[in-house]
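Chemist: File query_8.pdb below, PDB, C-alpha atoms:
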```pdb
ATOM      1  CA  MET Y   9     105.684 153.196 108.078
ATOM      2  CA  THR Y  10     105.212 149.582 109.103
ATOM      3  CA  ASN Y  11     101.912 147.818 108.478
ATOM      4  CA  ASN Y  12     101.477 145.665 111.571
ATOM      5  CA  SER Y  13      97.738 145.017 111.768
ATOM      6  CA  ILE Y  14      95.679 144.508 108.610
ATOM      7  CA  GLU Y  15      92.241 144.244 110.232
ATOM      8  CA  PRO Y  16      88.819 145.446 109.079
ATOM      9  CA  LEU Y  17      87.469 148.718 110.398
ATOM     10  CA  THR Y  18      84.916 147.103 112.684
ATOM     11  CA  ILE Y  19      83.200 148.957 115.518
ATOM     12  CA  GLY Y  20      84.130 146.536 118.289
ATOM     13  CA  ASN Y  21      87.746 146.109 117.203
ATOM     14  CA  THR Y  22      88.313 149.851 116.798
ATOM     15  CA  ILE Y  23      86.805 150.847 120.145
ATOM     16  CA  ASN Y  24      88.575 148.024 122.002
ATOM     17  CA  THR Y  25      91.941 148.988 120.527
ATOM     18  CA  ALA Y  26      91.411 152.661 121.406
ATOM     19  CA  PHE Y  27      90.450 151.750 124.964
ATOM     20  CA  ARG Y  28      93.527 149.538 125.343
ATOM     21  CA  LEU Y  29      95.787 152.388 124.200
ATOM     22  CA  TYR Y  30      93.989 154.751 126.568
ATOM     23  CA  ARG Y  31      94.395 152.349 129.481
ATOM     24  CA  ASP Y  32      98.047 151.480 128.828
ATOM     25  CA  ARG Y  33      99.283 155.091 128.696
ATOM     26  CA  PHE Y  34      96.630 156.743 130.818
ATOM     27  CA  PRO Y  35      98.964 158.972 132.949
ATOM     28  CA  THR Y  36     100.786 160.336 129.890
ATOM     29  CA  TYR Y  37      97.618 160.973 127.897
ATOM     30  CA  VAL Y  38      95.854 162.675 130.794
ATOM     31  CA  PHE Y  39      98.914 164.867 131.399
ATOM     32  CA  PHE Y  40      98.626 166.294 127.882
ATOM     33  CA  ALA Y  41      94.834 166.505 128.165
ATOM     34  CA  VAL Y  42      95.205 168.613 131.333
ATOM     35  CA  ARG Y  43      97.630 170.915 129.544
ATOM     36  CA  ALA Y  44      95.263 171.239 126.586
ATOM     37  CA  CYS Y  45      92.378 172.067 128.926
ATOM     38  CA  LEU Y  46      94.386 174.672 130.858
ATOM     39  CA  TRP Y  47      95.497 176.360 127.648
ATOM     40  CA  SER Y  48      91.914 176.493 126.381
ATOM     41  CA  LEU Y  49      90.791 178.065 129.680
ATOM     42  CA  LEU Y  50      93.603 180.635 129.818
ATOM     43  CA  PRO Y  51      91.804 183.397 127.812
ATOM     44  CA  LEU Y  52      88.682 183.080 129.983
ATOM     45  CA  ILE Y  53      90.702 183.175 133.207
ATOM     46  CA  LEU Y  54      92.656 186.206 132.018
ATOM     47  CA  GLN Y  55      89.448 187.956 130.987
ATOM     48  CA  LEU Y  56      87.900 187.386 134.412
ATOM     49  CA  ILE Y  57      91.028 188.596 136.237
ATOM     50  CA  LEU Y  58      91.591 191.646 134.028
ATOM     51  CA  SER Y  59      87.924 192.671 134.090
ATOM     52  CA  GLN Y  60      87.918 192.537 137.893
ATOM     53  CA  LEU Y  61      91.134 194.549 138.157
ATOM     54  CA  LEU Y  62      90.043 197.028 135.493
ATOM     55  CA  TYR Y  63      86.541 197.681 136.806
ATOM     56  CA  GLN Y  64      87.757 198.163 140.356
ATOM     57  CA  THR Y  65      89.741 201.195 139.243
ATOM     58  CA  ILE Y  66      87.533 202.713 136.532
ATOM     59  CA  THR Y  67      83.835 202.884 135.755
ATOM     60  CA  PRO Y  68      82.892 200.444 132.975
ATOM     61  CA  GLU Y  69      81.985 202.206 129.739
ATOM     62  CA  GLU Y  70      80.006 201.013 126.770
ATOM     63  CA  GLY Y  71      82.227 198.873 124.574
ATOM     64  CA  SER Y  72      84.860 198.292 127.262
ATOM     65  CA  ASP Y  73      84.205 194.522 127.180
ATOM     66  CA  ILE Y  74      84.780 194.553 123.427
ATOM     67  CA  GLY Y  75      88.074 196.356 123.926
ATOM     68  CA  LEU Y  76      89.176 193.788 126.493
ATOM     69  CA  ARG Y  77      88.265 190.933 124.165
ATOM     70  CA  LEU Y  78      90.195 192.498 121.298
ATOM     71  CA  PHE Y  79      93.173 192.899 123.640
ATOM     72  CA  LEU Y  80      92.961 189.183 124.512
ATOM     73  CA  PHE Y  81      92.397 188.025 120.930
ATOM     74  CA  PRO Y  82      96.091 187.160 120.293
ATOM     75  CA  VAL Y  83      96.075 185.194 123.569
ATOM     76  CA  GLN Y  84      93.016 183.267 122.378
ATOM     77  CA  ILE Y  85      94.754 182.350 119.122
ATOM     78  CA  PHE Y  86      97.942 181.238 120.890
ATOM     79  CA  SER Y  87      95.987 179.288 123.526
ATOM     80  CA  ALA Y  88      93.959 177.515 120.849
ATOM     81  CA  ALA Y  89      97.154 176.537 119.025
ATOM     82  CA  LYS Y  90      98.729 175.208 122.220
ATOM     83  CA  SER Y  91      95.583 173.252 123.094
ATOM     84  CA  LEU Y  92      95.485 171.676 119.615
ATOM     85  CA  PHE Y  93      99.188 170.882 119.913
ATOM     86  CA  ASN Y  94      98.761 168.995 123.214
ATOM     87  CA  ASN Y  95      95.804 167.019 121.877
ATOM     88  CA  ALA Y  96      97.774 166.173 118.733
ATOM     89  CA  VAL Y  97     100.645 164.817 120.845
ATOM     90  CA  ILE Y  98      98.215 162.271 122.296
ATOM     91  CA  SER Y  99      97.238 161.219 118.777
ATOM     92  CA  ARG Y 100     100.852 160.752 117.733
ATOM     93  CA  LEU Y 101     101.726 158.769 120.855
ATOM     94  CA  ALA Y 102      98.737 156.490 120.268
ATOM     95  CA  PHE Y 103      99.557 155.950 116.598
ATOM     96  CA  GLN Y 104     103.204 155.160 117.283
ATOM     97  CA  ASP Y 105     102.105 152.553 119.825
ATOM     98  CA  ILE Y 106      99.757 150.985 117.251
ATOM     99  CA  ILE Y 107     102.561 150.517 114.729
ATOM    100  CA  TYR Y 108     104.944 149.199 117.426
ATOM    101  CA  GLN Y 109     107.283 152.168 117.203
ATOM    102  CA  PRO Y 110     106.518 153.785 120.577
ATOM    103  CA  GLU Y 111     107.813 157.241 121.381
ATOM    104  CA  THR Y 112     108.373 158.988 124.675
ATOM    105  CA  ALA Y 113     106.319 162.072 125.494
ATOM    106  CA  GLY Y 114     109.367 164.245 124.796
ATOM    107  CA  GLN Y 115     109.982 162.665 121.400
ATOM    108  CA  ALA Y 116     106.364 163.098 120.373
ATOM    109  CA  GLU Y 117     106.344 166.739 121.487
ATOM    110  CA  LYS Y 118     109.496 167.402 119.496
ATOM    111  CA  LYS Y 119     107.940 165.920 116.349
ATOM    112  CA  VAL Y 120     104.593 167.740 116.707
ATOM    113  CA  LYS Y 121     105.812 171.148 117.908
ATOM    114  CA  PRO Y 122     106.951 172.426 114.461
ATOM    115  CA  LYS Y 123     103.440 171.660 113.178
ATOM    116  CA  MET Y 124     101.542 173.545 115.885
ATOM    117  CA  TRP Y 125     100.533 176.517 113.710
ATOM    118  CA  ARG Y 126      99.657 174.244 110.807
ATOM    119  CA  LEU Y 127      97.276 172.448 113.173
ATOM    120  CA  TRP Y 128      95.694 175.781 114.102
ATOM    121  CA  TRP Y 129      95.416 176.891 110.482
ATOM    122  CA  MET Y 130      93.855 173.547 109.567
ATOM    123  CA  GLN Y 131      91.086 174.171 112.125
ATOM    124  CA  VAL Y 132      90.536 177.633 110.621
ATOM    125  CA  LEU Y 133      90.237 176.101 107.150
ATOM    126  CA  LEU Y 134      87.782 173.494 108.413
ATOM    127  CA  GLY Y 135      85.761 176.256 110.061
ATOM    128  CA  LEU Y 136      85.693 178.250 106.834
ATOM    129  CA  LEU Y 137      84.709 175.135 104.912
ATOM    130  CA  GLY Y 138      81.857 174.541 107.350
ATOM    131  CA  ALA Y 139      80.705 178.136 107.049
ATOM    132  CA  ALA Y 140      80.833 177.933 103.236
ATOM    133  CA  ILE Y 141      78.474 174.948 103.414
ATOM    134  CA  ILE Y 142      76.149 176.083 106.205
ATOM    135  CA  LEU Y 143      75.539 179.693 105.101
ATOM    136  CA  PRO Y 144      74.117 178.911 101.619
ATOM    137  CA  ILE Y 145      71.964 176.126 103.093
ATOM    138  CA  THR Y 146      70.633 178.421 105.815
ATOM    139  CA  LEU Y 147      69.939 181.227 103.337
ATOM    140  CA  SER Y 148      68.134 178.811 101.004
ATOM    141  CA  LEU Y 149      65.939 177.494 103.836
ATOM    142  CA  VAL Y 150      65.068 181.037 104.908
ATOM    143  CA  LEU Y 151      64.030 181.917 101.357
ATOM    144  CA  VAL Y 152      61.918 178.798 100.779
ATOM    145  CA  SER Y 153      60.236 179.213 104.173
ATOM    146  CA  PHE Y 154      58.139 182.006 102.607
ATOM    147  CA  ILE Y 155      56.683 179.581 100.049
ATOM    148  CA  PRO Y 156      53.420 178.065 101.356
ATOM    149  CA  ILE Y 157      53.284 174.259 101.678
ATOM    150  CA  LEU Y 158      56.343 173.701  99.457
ATOM    151  CA  GLY Y 159      58.527 175.611 101.925
ATOM    152  CA  VAL Y 160      57.286 173.505 104.823
ATOM    153  CA  LEU Y 161      57.919 170.274 102.903
ATOM    154  CA  LEU Y 162      61.426 171.350 101.926
ATOM    155  CA  ILE Y 163      62.255 172.336 105.506
ATOM    156  CA  LEU Y 164      60.983 168.985 106.786
ATOM    157  CA  LEU Y 165      63.080 167.203 104.159
ATOM    158  CA  ALA Y 166      66.124 169.287 105.104
ATOM    159  CA  SER Y 167      65.629 168.530 108.808
ATOM    160  CA  PHE Y 168      66.099 164.845 107.959
ATOM    161  CA  CYS Y 169      68.747 165.084 105.242
ATOM    162  CA  LEU Y 170      71.048 167.702 106.775
ATOM    163  CA  PRO Y 171      71.936 165.753 109.957
ATOM    164  CA  VAL Y 172      72.746 162.736 107.779
ATOM    165  CA  PHE Y 173      74.869 164.884 105.481
ATOM    166  CA  PHE Y 174      76.782 166.479 108.364
ATOM    167  CA  LEU Y 175      77.417 163.077 109.956
ATOM    168  CA  TRP Y 176      78.921 161.936 106.657
ATOM    169  CA  LEU Y 177      80.932 165.153 106.343
ATOM    170  CA  SER Y 178      82.233 164.879 109.911
ATOM    171  CA  ALA Y 179      83.423 161.343 109.203
ATOM    172  CA  ARG Y 180      85.291 162.545 106.105
ATOM    173  CA  ILE Y 181      87.267 165.189 108.004
ATOM    174  CA  CYS Y 182      87.525 163.738 111.529
ATOM    175  CA  ILE Y 183      91.054 162.339 111.048
ATOM    176  CA  ALA Y 184      92.470 165.377 109.206
ATOM    177  CA  GLU Y 185      94.930 166.176 112.010
ATOM    178  CA  LEU Y 186      96.494 162.691 111.897
ATOM    179  CA  PRO Y 187      98.159 162.988 108.459
ATOM    180  CA  LEU Y 188      99.524 166.364 109.521
ATOM    181  CA  VAL Y 189     100.893 164.994 112.801
ATOM    182  CA  ILE Y 190     102.221 161.691 111.461
ATOM    183  CA  GLU Y 191     103.268 162.270 107.879
ATOM    184  CA  ASP Y 192     106.074 164.578 106.792
ATOM    185  CA  ASN Y 193     105.956 167.614 104.519
ATOM    186  CA  LEU Y 194     102.188 168.121 104.582
ATOM    187  CA  GLY Y 195     100.545 171.517 104.794
ATOM    188  CA  SER Y 196      97.206 172.171 106.462
ATOM    189  CA  TRP Y 197      95.118 171.917 103.291
ATOM    190  CA  GLN Y 198      97.111 168.900 102.075
ATOM    191  CA  ALA Y 199      96.362 167.130 105.367
ATOM    192  CA  ILE Y 200      92.642 167.805 104.943
ATOM    193  CA  LYS Y 201      92.762 166.388 101.399
ATOM    194  CA  ARG Y 202      94.763 163.396 102.638
ATOM    195  CA  GLY Y 203      92.140 162.656 105.311
ATOM    196  CA  TRP Y 204      89.396 163.072 102.717
ATOM    197  CA  HIS Y 205      91.137 160.604 100.411
ATOM    198  CA  LEU Y 206      91.651 157.992 103.144
ATOM    199  CA  THR Y 207      88.020 158.100 104.340
ATOM    200  CA  LYS Y 208      86.562 157.904 100.823
ATOM    201  CA  ASN Y 209      84.969 154.455 101.166
ATOM    202  CA  SER Y 210      84.734 154.277 104.958
ATOM    203  CA  ALA Y 211      82.644 157.280 106.007
ATOM    204  CA  TRP Y 212      79.611 155.354 107.272
ATOM    205  CA  ARG Y 213      81.735 152.828 109.132
ATOM    206  CA  ILE Y 214      83.465 155.734 110.863
ATOM    207  CA  VAL Y 215      80.048 157.212 111.700
ATOM    208  CA  GLY Y 216      79.115 153.852 113.236
ATOM    209  CA  VAL Y 217      82.292 153.749 115.338
ATOM    210  CA  ILE Y 218      81.816 157.297 116.630
ATOM    211  CA  PHE Y 219      78.096 156.720 117.279
ATOM    212  CA  ILE Y 220      78.658 153.583 119.376
ATOM    213  CA  ALA Y 221      81.559 155.185 121.240
ATOM    214  CA  SER Y 222      79.309 158.171 122.008
ATOM    215  CA  LEU Y 223      76.569 155.869 123.303
ATOM    216  CA  LEU Y 224      79.088 154.317 125.687
ATOM    217  CA  ILE Y 225      80.125 157.739 126.982
ATOM    218  CA  ILE Y 226      76.754 159.532 127.215
ATOM    219  CA  PRO Y 227      75.775 157.712 130.446
ATOM    220  CA  VAL Y 228      78.884 159.170 132.092
ATOM    221  CA  TYR Y 229      77.699 162.700 131.265
ATOM    222  CA  ILE Y 230      74.188 161.921 132.477
ATOM    223  CA  LEU Y 231      75.623 160.606 135.743
ATOM    224  CA  SER Y 232      77.720 163.763 136.117
ATOM    225  CA  VAL Y 233      74.625 165.969 135.768
ATOM    226  CA  ALA Y 234      72.853 163.811 138.351
ATOM    227  CA  LEU Y 235      75.773 164.157 140.758
ATOM    228  CA  ALA Y 236      75.912 167.921 140.298
ATOM    229  CA  SER Y 237      72.181 168.180 141.065
ATOM    230  CA  ILE Y 238      72.305 166.135 144.297
ATOM    231  CA  PRO Y 239      71.744 169.219 146.513
ATOM    232  CA  PHE Y 240      68.392 169.816 144.781
ATOM    233  CA  TRP Y 241      67.102 166.327 145.543
ATOM    234  CA  PHE Y 242      66.603 167.187 149.194
ATOM    235  CA  ASN Y 243      64.378 170.146 148.278
ATOM    236  CA  SER Y 244      62.082 168.241 145.904
ATOM    237  CA  SER Y 245      59.216 168.057 148.415
ATOM    238  CA  GLU Y 246      58.871 171.834 148.683
ATOM    239  CA  ASP Y 247      56.862 173.932 146.247
ATOM    240  CA  TRP Y 248      58.665 176.371 143.948
ATOM    241  CA  GLN Y 249      57.566 179.520 145.769
ATOM    242  CA  THR Y 250      58.883 178.203 149.068
ATOM    243  CA  LEU Y 251      62.152 177.175 147.464
ATOM    244  CA  THR Y 252      62.747 180.585 145.884
ATOM    245  CA  GLU Y 253      62.402 182.170 149.310
ATOM    246  CA  ASN Y 254      65.048 179.861 150.760
ATOM    247  CA  PRO Y 255      68.527 181.538 150.731
ATOM    248  CA  LEU Y 256      70.258 178.137 150.771
ATOM    249  CA  PHE Y 257      68.350 177.030 147.672
ATOM    250  CA  LEU Y 258      69.241 180.270 145.855
ATOM    251  CA  GLN Y 259      72.883 179.716 146.748
ATOM    252  CA  GLN Y 260      72.678 176.170 145.400
ATOM    253  CA  MET Y 261      71.111 177.481 142.190
ATOM    254  CA  ALA Y 262      73.932 180.004 141.783
ATOM    255  CA  MET Y 263      76.621 177.370 142.319
ATOM    256  CA  PHE Y 264      75.043 174.712 140.068
ATOM    257  CA  PRO Y 265      76.495 176.005 136.741
ATOM    258  CA  TYR Y 266      79.975 176.199 138.274
ATOM    259  CA  GLY Y 267      79.727 172.683 139.672
ATOM    260  CA  LEU Y 268      78.427 171.328 136.385
ATOM    261  CA  THR Y 269      81.160 173.101 134.419
ATOM    262  CA  THR Y 270      83.831 171.720 136.751
ATOM    263  CA  ILE Y 271      82.515 168.168 136.349
ATOM    264  CA  PHE Y 272      82.360 168.535 132.560
ATOM    265  CA  LEU Y 273      85.936 169.842 132.475
ATOM    266  CA  LEU Y 274      87.150 166.876 134.517
ATOM    267  CA  LEU Y 275      85.251 164.501 132.247
ATOM    268  CA  ASN Y 276      86.682 166.242 129.198
ATOM    269  CA  ILE Y 277      90.199 165.717 130.542
ATOM    270  CA  LEU Y 278      89.459 162.017 130.967
ATOM    271  CA  LEU Y 279      87.634 161.514 127.663
ATOM    272  CA  VAL Y 280      89.698 163.595 125.194
ATOM    273  CA  PRO Y 281      92.576 161.062 125.279
ATOM    274  CA  PHE Y 282      90.108 158.306 124.382
ATOM    275  CA  TRP Y 283      88.808 160.263 121.369
ATOM    276  CA  GLN Y 284      92.359 161.055 120.221
ATOM    277  CA  SER Y 285      93.270 157.382 120.555
ATOM    278  CA  LEU Y 286      90.128 156.411 118.640
ATOM    279  CA  LYS Y 287      91.042 158.726 115.762
ATOM    280  CA  SER Y 288      94.549 157.237 115.671
ATOM    281  CA  VAL Y 289      93.141 153.719 115.459
ATOM    282  CA  ILE Y 290      90.792 154.739 112.633
ATOM    283  CA  TYR Y 291      93.674 156.420 110.781
ATOM    284  CA  ASN Y 292      95.854 153.314 111.100
ATOM    285  CA  HIS Y 293      93.038 151.068 109.849
ATOM    286  CA  LEU Y 294      92.490 153.328 106.853
ATOM    287  CA  LEU Y 295      96.200 153.313 105.989
ATOM    288  CA  ASP Y 296      96.278 149.533 106.227
ATOM    289  CA  GLN Y 297      93.166 149.285 104.095
ATOM    290  CA  LYS Y 298      94.584 151.535 101.362
ATOM    291  CA  LYS Y 299      97.836 149.603 101.259
ATOM    292  CA  ASN Y 300      96.076 146.236 101.308
ATOM    293  CA  ASP Y 301      93.785 147.333  98.474
ATOM    294  CA  GLY Y 302      96.792 148.408  96.421
ATOM    295  CA  GLY Y 303      95.854 152.090  96.598
ATOM    296  CA  GLU Y 304      98.055 155.089  97.227
ATOM    297  CA  TYR Y 305      99.695 154.737 100.623
TER     298      TYR Y 305
END
```
Can you turn what I pasted into structure tokens?

Modeler:
Amino acid sequence: MTNNSIEPLTIGNTINTAFRLYRDRFPTYVFFAVRACLWSLLPLILQLILSQLLYQTITPEEGSDIGLRLFLFPVQIFSAAKSLFNNAVISRLAFQDIIYQPETAGQAEKKVKPKMWRLWWMQVLLGLLGAAIILPITLSLVLVSFIPILGVLLILLASFCLPVFFLWLSARICIAELPLVIEDNLGSWQAIKRGWHLTKNSAWRIVGVIFIASLLIIPVYILSVALASIPFWFNSSEDWQTLTENPLFLQQMAMFPYGLTTIFLLLNILLVPFWQSLKSVIYNHLLDQKKNDGGEY
């Protein structure tokens, strides 16, 4: 692996580099983001289609939805793996561009495809790790809540400390997929440990990068909600009782969640490549930093 850019992990430099990568290979990145989105939606689409076909021929019985979900469970697992695979291809393409060893989409797919199930298993492990942390904390807070005064103080303290802790934890594991996608002969748990090792002294800088990047993106989501609610602006002068008696308003209310979901999906397709690029830039900076500091590369 060639070390081409020994630069500090600064917020401005990291975000600018990620945006440049995103801009330069926008069509390719969005192509894989669309595929990832479609794979993630496949179980829901199948459930809607099968439930309509099934309930047109038989009367729904108690537990029939559970049976349908169990039937689709293998599809959900496969779809999740395919979605993670497509997102990981974006990360690899971005990283290879950073180190001036660019790959074509086909080359990147070929390198990442054998690791698809390791990517899925890594997400399972991270989920289990999260559950192992959250459940004892939740149980402890429930127990102390019965203690007068002290319980309230501990809950207030936890409400401040826990978000800080989870921000730090998120920073320590946010690049876990990159070692798996880029480096050879790593298993899922080894990739998590590798990401943990690389982020050891950089967690709060990573939090800063992600926080500023989020601030830049939040206005886009706010604008999308505003656009989806345009039809309601023209009804603002009417009182609520009058509006609820208006069939057009009720139709608008019914369509609002679908319109909002559609806008969020389109935004997700556009923004996921940026986040994958950002993680690749962070990973490259951390590798450079470890090598420059004389640590394990």

Chemist: Excluding Leu46 in chain Y and any residue of its chain fewer than 2 positions from it, enumerate the residues within 10 Å of it, using all atoms listed in the file, and give them as a list in words.

Modeler: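 Contacts, in chain order: Phe40, Ala41, Val42, Arg43, Ala44, Ser48, Leu49, Leu50, Pro51, Ile53, Ser87, Lys90, Ser91, Leu273 and Ile277 of chain Y.
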
Chemist: I'd like the contact shell of range 176-179 of chain Y - 6 Å cut-off, only C-alpha atoms, skipping same-chain residues fewer than 5 positions apart - returned as a list in words.

Modeler: Ala211, Ile214 and Val215 of chain Y

Chemist: Identify all residues satisfying the PyMOL selection byres ((chain Y and resi 200) around 10) in the given file; provide them as a PDB file with C-alpha atoms, keeping the file's coordinate frame.

Modeler:
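Contents of result05.pdb, as written:
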```
ATOM      1  CA  MET Y 130      93.855 173.547 109.567  1.00  0.00           C
ATOM      2  CA  GLN Y 131      91.086 174.171 112.125  1.00  0.00           C
ATOM      3  CA  LEU Y 133      90.237 176.101 107.150  1.00  0.00           C
ATOM      4  CA  LEU Y 134      87.782 173.494 108.413  1.00  0.00           C
ATOM      5  CA  ARG Y 180      85.291 162.545 106.105  1.00  0.00           C
ATOM      6  CA  ILE Y 181      87.267 165.189 108.004  1.00  0.00           C
ATOM      7  CA  CYS Y 182      87.525 163.738 111.529  1.00  0.00           C
ATOM      8  CA  ILE Y 183      91.054 162.339 111.048  1.00  0.00           C
ATOM      9  CA  ALA Y 184      92.470 165.377 109.206  1.00  0.00           C
ATOM     10  CA  GLU Y 185      94.930 166.176 112.010  1.00  0.00           C
ATOM     11  CA  LEU Y 186      96.494 162.691 111.897  1.00  0.00           C
ATOM     12  CA  PRO Y 187      98.159 162.988 108.459  1.00  0.00           C
ATOM     13  CA  LEU Y 188      99.524 166.364 109.521  1.00  0.00           C
ATOM     14  CA  LEU Y 194     102.188 168.121 104.582  1.00  0.00           C
ATOM     15  CA  GLY Y 195     100.545 171.517 104.794  1.00  0.00           C
ATOM     16  CA  SER Y 196      97.206 172.171 106.462  1.00  0.00           C
ATOM     17  CA  TRP Y 197      95.118 171.917 103.291  1.00  0.00           C
ATOM     18  CA  GLN Y 198      97.111 168.900 102.075  1.00  0.00           C
ATOM     19  CA  ALA Y 199      96.362 167.130 105.367  1.00  0.00           C
ATOM     20  CA  LYS Y 201      92.762 166.388 101.399  1.00  0.00           C
ATOM     21  CA  ARG Y 202      94.763 163.396 102.638  1.00  0.00           C
ATOM     22  CA  GLY Y 203      92.140 162.656 105.311  1.00  0.00           C
ATOM     23  CA  TRP Y 204      89.396 163.072 102.717  1.00  0.00           C
ATOM     24  CA  HIS Y 205      91.137 160.604 100.411  1.00  0.00           C
TER      25      HIS Y 205
END
```

Chemist: For each of Y:Gly20, Y:Leu101, Y:Ala113, Y:Trp128, take the minimum atom-to-atom distance to Ala88 in chain Y, counting only C-alpha atoms, then give the residue where this is smallest.

Modeler: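 Answer, going by the shortest atom-to-atom distance: Y:Trp128.
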
Chemist: Just how far from CA of Trp212 in chain Y is CA of Val120 in chain Y, in Å to one decimal?

Modeler: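 One can read the CA of Val120 in chain Y to CA of Trp212 in chain Y distance as 29.4 Å.
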
Chemist: How many Å lie between CA of Phe93 in chain Y and CA of Trp125 in chain Y, rounded to one decimal?

Modeler: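 For CA of Phe93 in chain Y relative to CA of Trp125 in chain Y, the distance reads 8.5 Å.
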